[in-house]
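Report on the structure given below.
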Amino acid sequence: MSDKPVRPTEGSQITVLVIVGGRPVTHVARAGRVTPSTLIVPRKADERRWGVEPQGEADVLFSHQGRLFRWPMRVEEVLPTSYYLVSLQDPRDGERREFVRATSELEVRLTPHRQPRAAFQRMTAELSASGMRVATELEATPGDLLEVMLRTEGHADGRTAAITALARVVRVLHPETGRELALEFVELKSADEDRLLQLVFRLREADLFARIGRRSFA
């Protein structure tokens with residue numbers, strides 16, 4: 001079995017996280033030319049005003065055989081139509097939980113496992129790829145299993161998209177002032193995991209553009 005580090009293939013989908021003005025910006029693209037130590041990433045016209053600087057760090061996320069990898073890189077050059085990145089370390093497995101997190105108001109349904117489905121409620125949820133934290137009046141204790149459904153506007157025509165998961169209650173926070181549940185996803189289909197990751201990225205990007213007064217690209 002080869003120990004050769006995994007890298008994205010040319011044309012495969014990647015997500016690039018860069019820092020602009022101290023805040024993260026995400027860019028979903030197709031990988032350009034790939035070598036063991038460099039990567040070309042096509043650059044969209046809307047990004048030319050972002051102010052991505054050479055020598056800034058970049059995290060490249062990509063999937064391989066159902067697993068997510070993170071490749072720490074540096075922006076070596078900002079070219080007219082692309083970014084030229086150089087490797088800082090070999091790609092590593094399972095790093096998405098370190099930084100992928102966002103908070104938003106969403107339509108959420110929390111139902112005790114194997115019980116009749118509850119109604120959707122508008123809640124403020126802190127989301128990550130591994131779980132969520134949400135304020136709710138639902139009675140629950142650590143170890144309880146909950147069926148979770150998130151309903152979001154995931155399409156250009158306004159149709160809703162759903163993310164479903166089975167989650168375990170790991171902590172009950174602030175029970176004296178208003179219950180918050182910290183949940184860990186224990187069952188999440190790969191398609192829903194991808195939707196969740198992209199949702200978190202979109203929320204982070206929307207927050208950035210709201211703060212700096214710029215429009216996010218589609």
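Labels used: A, B, ... for chains in the order of the structure tokens, numbers from 1 for residues in each chain, and numbers from 1 for ligands as shown.
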Using only C-alpha atoms, what table do you get, as a tab-separated table, when you list each residue of region 62-134 of chain A with an atom no more than 10 Å from region 2-18 of chain A, its nearest pair of atoms, and their distance in Å rounded to one decimal, rows by chain then rising number?
residue	atom	partner	partner_atom	distance
A:Phe62	CA	A:Ile14	CA	4.9
A:Ser63	CA	A:Pro8	CA	7.6
A:His64	CA	A:Pro8	CA	7.6
A:Phe69	CA	A:Val6	CA	8.1
A:Arg70	CA	A:Arg7	CA	9.4
A:Trp71	CA	A:Arg7	CA	8.0
A:Pro72	CA	A:Leu17	CA	9.8
A:Met73	CA	A:Val16	CA	9.7
A:Arg74	CA	A:Val18	CA	9.3
A:Val75	CA	A:Val18	CA	8.8
A:Asp90	CA	A:Pro5	CA	6.4
A:Pro91	CA	A:Pro5	CA	6.6
A:Arg92	CA	A:Pro5	CA	8.3
A:Asp93	CA	A:Val6	CA	9.2
A:Val100	CA	A:Leu17	CA	10.0
DSSP strand (DSSP E) residues within region 36-79 of chain A, as an mmCIF file with C-alpha atoms, in the first residue's frame:
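Now in part-v2.cif:
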data_model
loop_
_atom_site.group_PDB
_atom_site.id
_atom_site.type_symbol
_atom_site.label_atom_id
_atom_site.label_comp_id
_atom_site.auth_asym_id
_atom_site.auth_seq_id
_atom_site.Cartn_x
_atom_site.Cartn_y
_atom_site.Cartn_z
ATOM 1 C CA THR A 38 1.826 23.543 -6.431
ATOM 2 C CA LEU A 39 -1.748 24.134 -7.516
ATOM 3 C CA ILE A 40 -3.328 26.499 -10.050
ATOM 4 C CA VAL A 41 -6.824 27.706 -9.064
ATOM 5 C CA PRO A 42 -8.949 29.603 -11.634
ATOM 6 C CA GLU A 57 -2.095 31.378 3.569
ATOM 7 C CA ALA A 58 -4.808 29.288 1.916
ATOM 8 C CA ASP A 59 -6.545 26.045 2.907
ATOM 9 C CA VAL A 60 -7.603 23.798 0.032
ATOM 10 C CA LEU A 61 -10.326 21.237 0.791
ATOM 11 C CA PHE A 62 -10.966 18.309 -1.538
ATOM 12 C CA SER A 63 -12.527 14.847 -1.409
ATOM 13 C CA HIS A 64 -10.876 11.531 -2.261
ATOM 14 C CA ARG A 67 -12.864 11.314 2.667
ATOM 15 C CA LEU A 68 -12.180 15.013 2.993
ATOM 16 C CA PHE A 69 -8.600 16.298 2.881
ATOM 17 C CA ARG A 70 -7.109 19.664 3.770
ATOM 18 C CA TRP A 71 -4.009 20.939 1.960
ATOM 19 C CA PRO A 72 -2.297 23.892 3.727
ATOM 20 C CA MET A 73 -0.891 26.208 1.054
ATOM 21 C CA ARG A 74 0.370 29.749 0.404
ATOM 22 C CA VAL A 75 -0.702 32.199 -2.294
ATOM 23 C CA GLU A 76 2.557 32.549 -4.200
ATOM 24 C CA GLU A 77 1.196 34.733 -7.015
ATOM 25 C CA VAL A 78 -2.126 36.397 -7.876
#
Computed interatomic separation between CA of Lys189 (chain A) and CA of Leu166 (chain A) (Å):
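Answer for the CA of Lys189 (chain A) to CA of Leu166 (chain A) separation: 9.8 Å.
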Gap from CA of Phe201 (chain A) to CA of Val25 (chain A) - Å, one decimal:
8.3 Å
Calculate how many Å separate CA of Leu188 (chain A) from CA of Leu173 (chain A), rounding to one decimal.
23.7 Å
Pick out the closest residue to Ala118 (chain A) from this set: A:Glu53, A:Glu193, A:Glu180, A:Glu147. Count only C-alpha atoms.
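Smallest separation from Ala118 (chain A) among the options: A:Glu147.
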Between A:Leu183, A:Ala29, A:Ser37, A:Ser87, which one has atoms that come closest to Ala165 (chain A), using only C-alpha atoms?
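Of all the options, A:Leu183 lies closest to Ala165 (chain A).
Across A:Thr26, A:Thr152, A:Ser82, A:Thr35, the tightest approach to Arg195 (chain A) is made by A:Thr152 when counting only C-alpha atoms.
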May I have the residues within 7 Å of Leu145 (chain A) as a ChimeraX atom specification, using only C-alpha atoms and disregarding those fewer than 3 positions away in the same chain?
/A:112-113,166-169
Write the selection just made, keeping N, CA and C atoms, as a PDB file, in the first residue's frame?
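Saved the output as selection_8.pdb:
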ATOM      1  N   PRO A 112     -37.183  13.619  19.118  1.00  0.00           N
ATOM      2  CA  PRO A 112     -36.584  12.462  19.810  1.00  0.00           C
ATOM      3  C   PRO A 112     -36.623  11.234  18.910  1.00  0.00           C
ATOM      4  N   HIS A 113     -35.533  10.456  18.912  1.00  0.00           N
ATOM      5  CA  HIS A 113     -35.382   9.320  17.994  1.00  0.00           C
ATOM      6  C   HIS A 113     -36.555   8.360  18.117  1.00  0.00           C
ATOM      7  N   LEU A 166     -28.879  12.103  12.284  1.00  0.00           N
ATOM      8  CA  LEU A 166     -29.159  11.609  13.624  1.00  0.00           C
ATOM      9  C   LEU A 166     -28.069  12.170  14.529  1.00  0.00           C
ATOM     10  N   ALA A 167     -28.475  12.786  15.634  1.00  0.00           N
ATOM     11  CA  ALA A 167     -27.516  13.461  16.498  1.00  0.00           C
ATOM     12  C   ALA A 167     -27.665  12.992  17.941  1.00  0.00           C
ATOM     13  N   ARG A 168     -26.554  13.052  18.670  1.00  0.00           N
ATOM     14  CA  ARG A 168     -26.551  12.721  20.101  1.00  0.00           C
ATOM     15  C   ARG A 168     -26.355  14.003  20.902  1.00  0.00           C
ATOM     16  N   VAL A 169     -27.134  14.153  21.957  1.00  0.00           N
ATOM     17  CA  VAL A 169     -26.965  15.293  22.860  1.00  0.00           C
ATOM     18  C   VAL A 169     -25.694  15.070  23.679  1.00  0.00           C
TER      19      VAL A 169
END
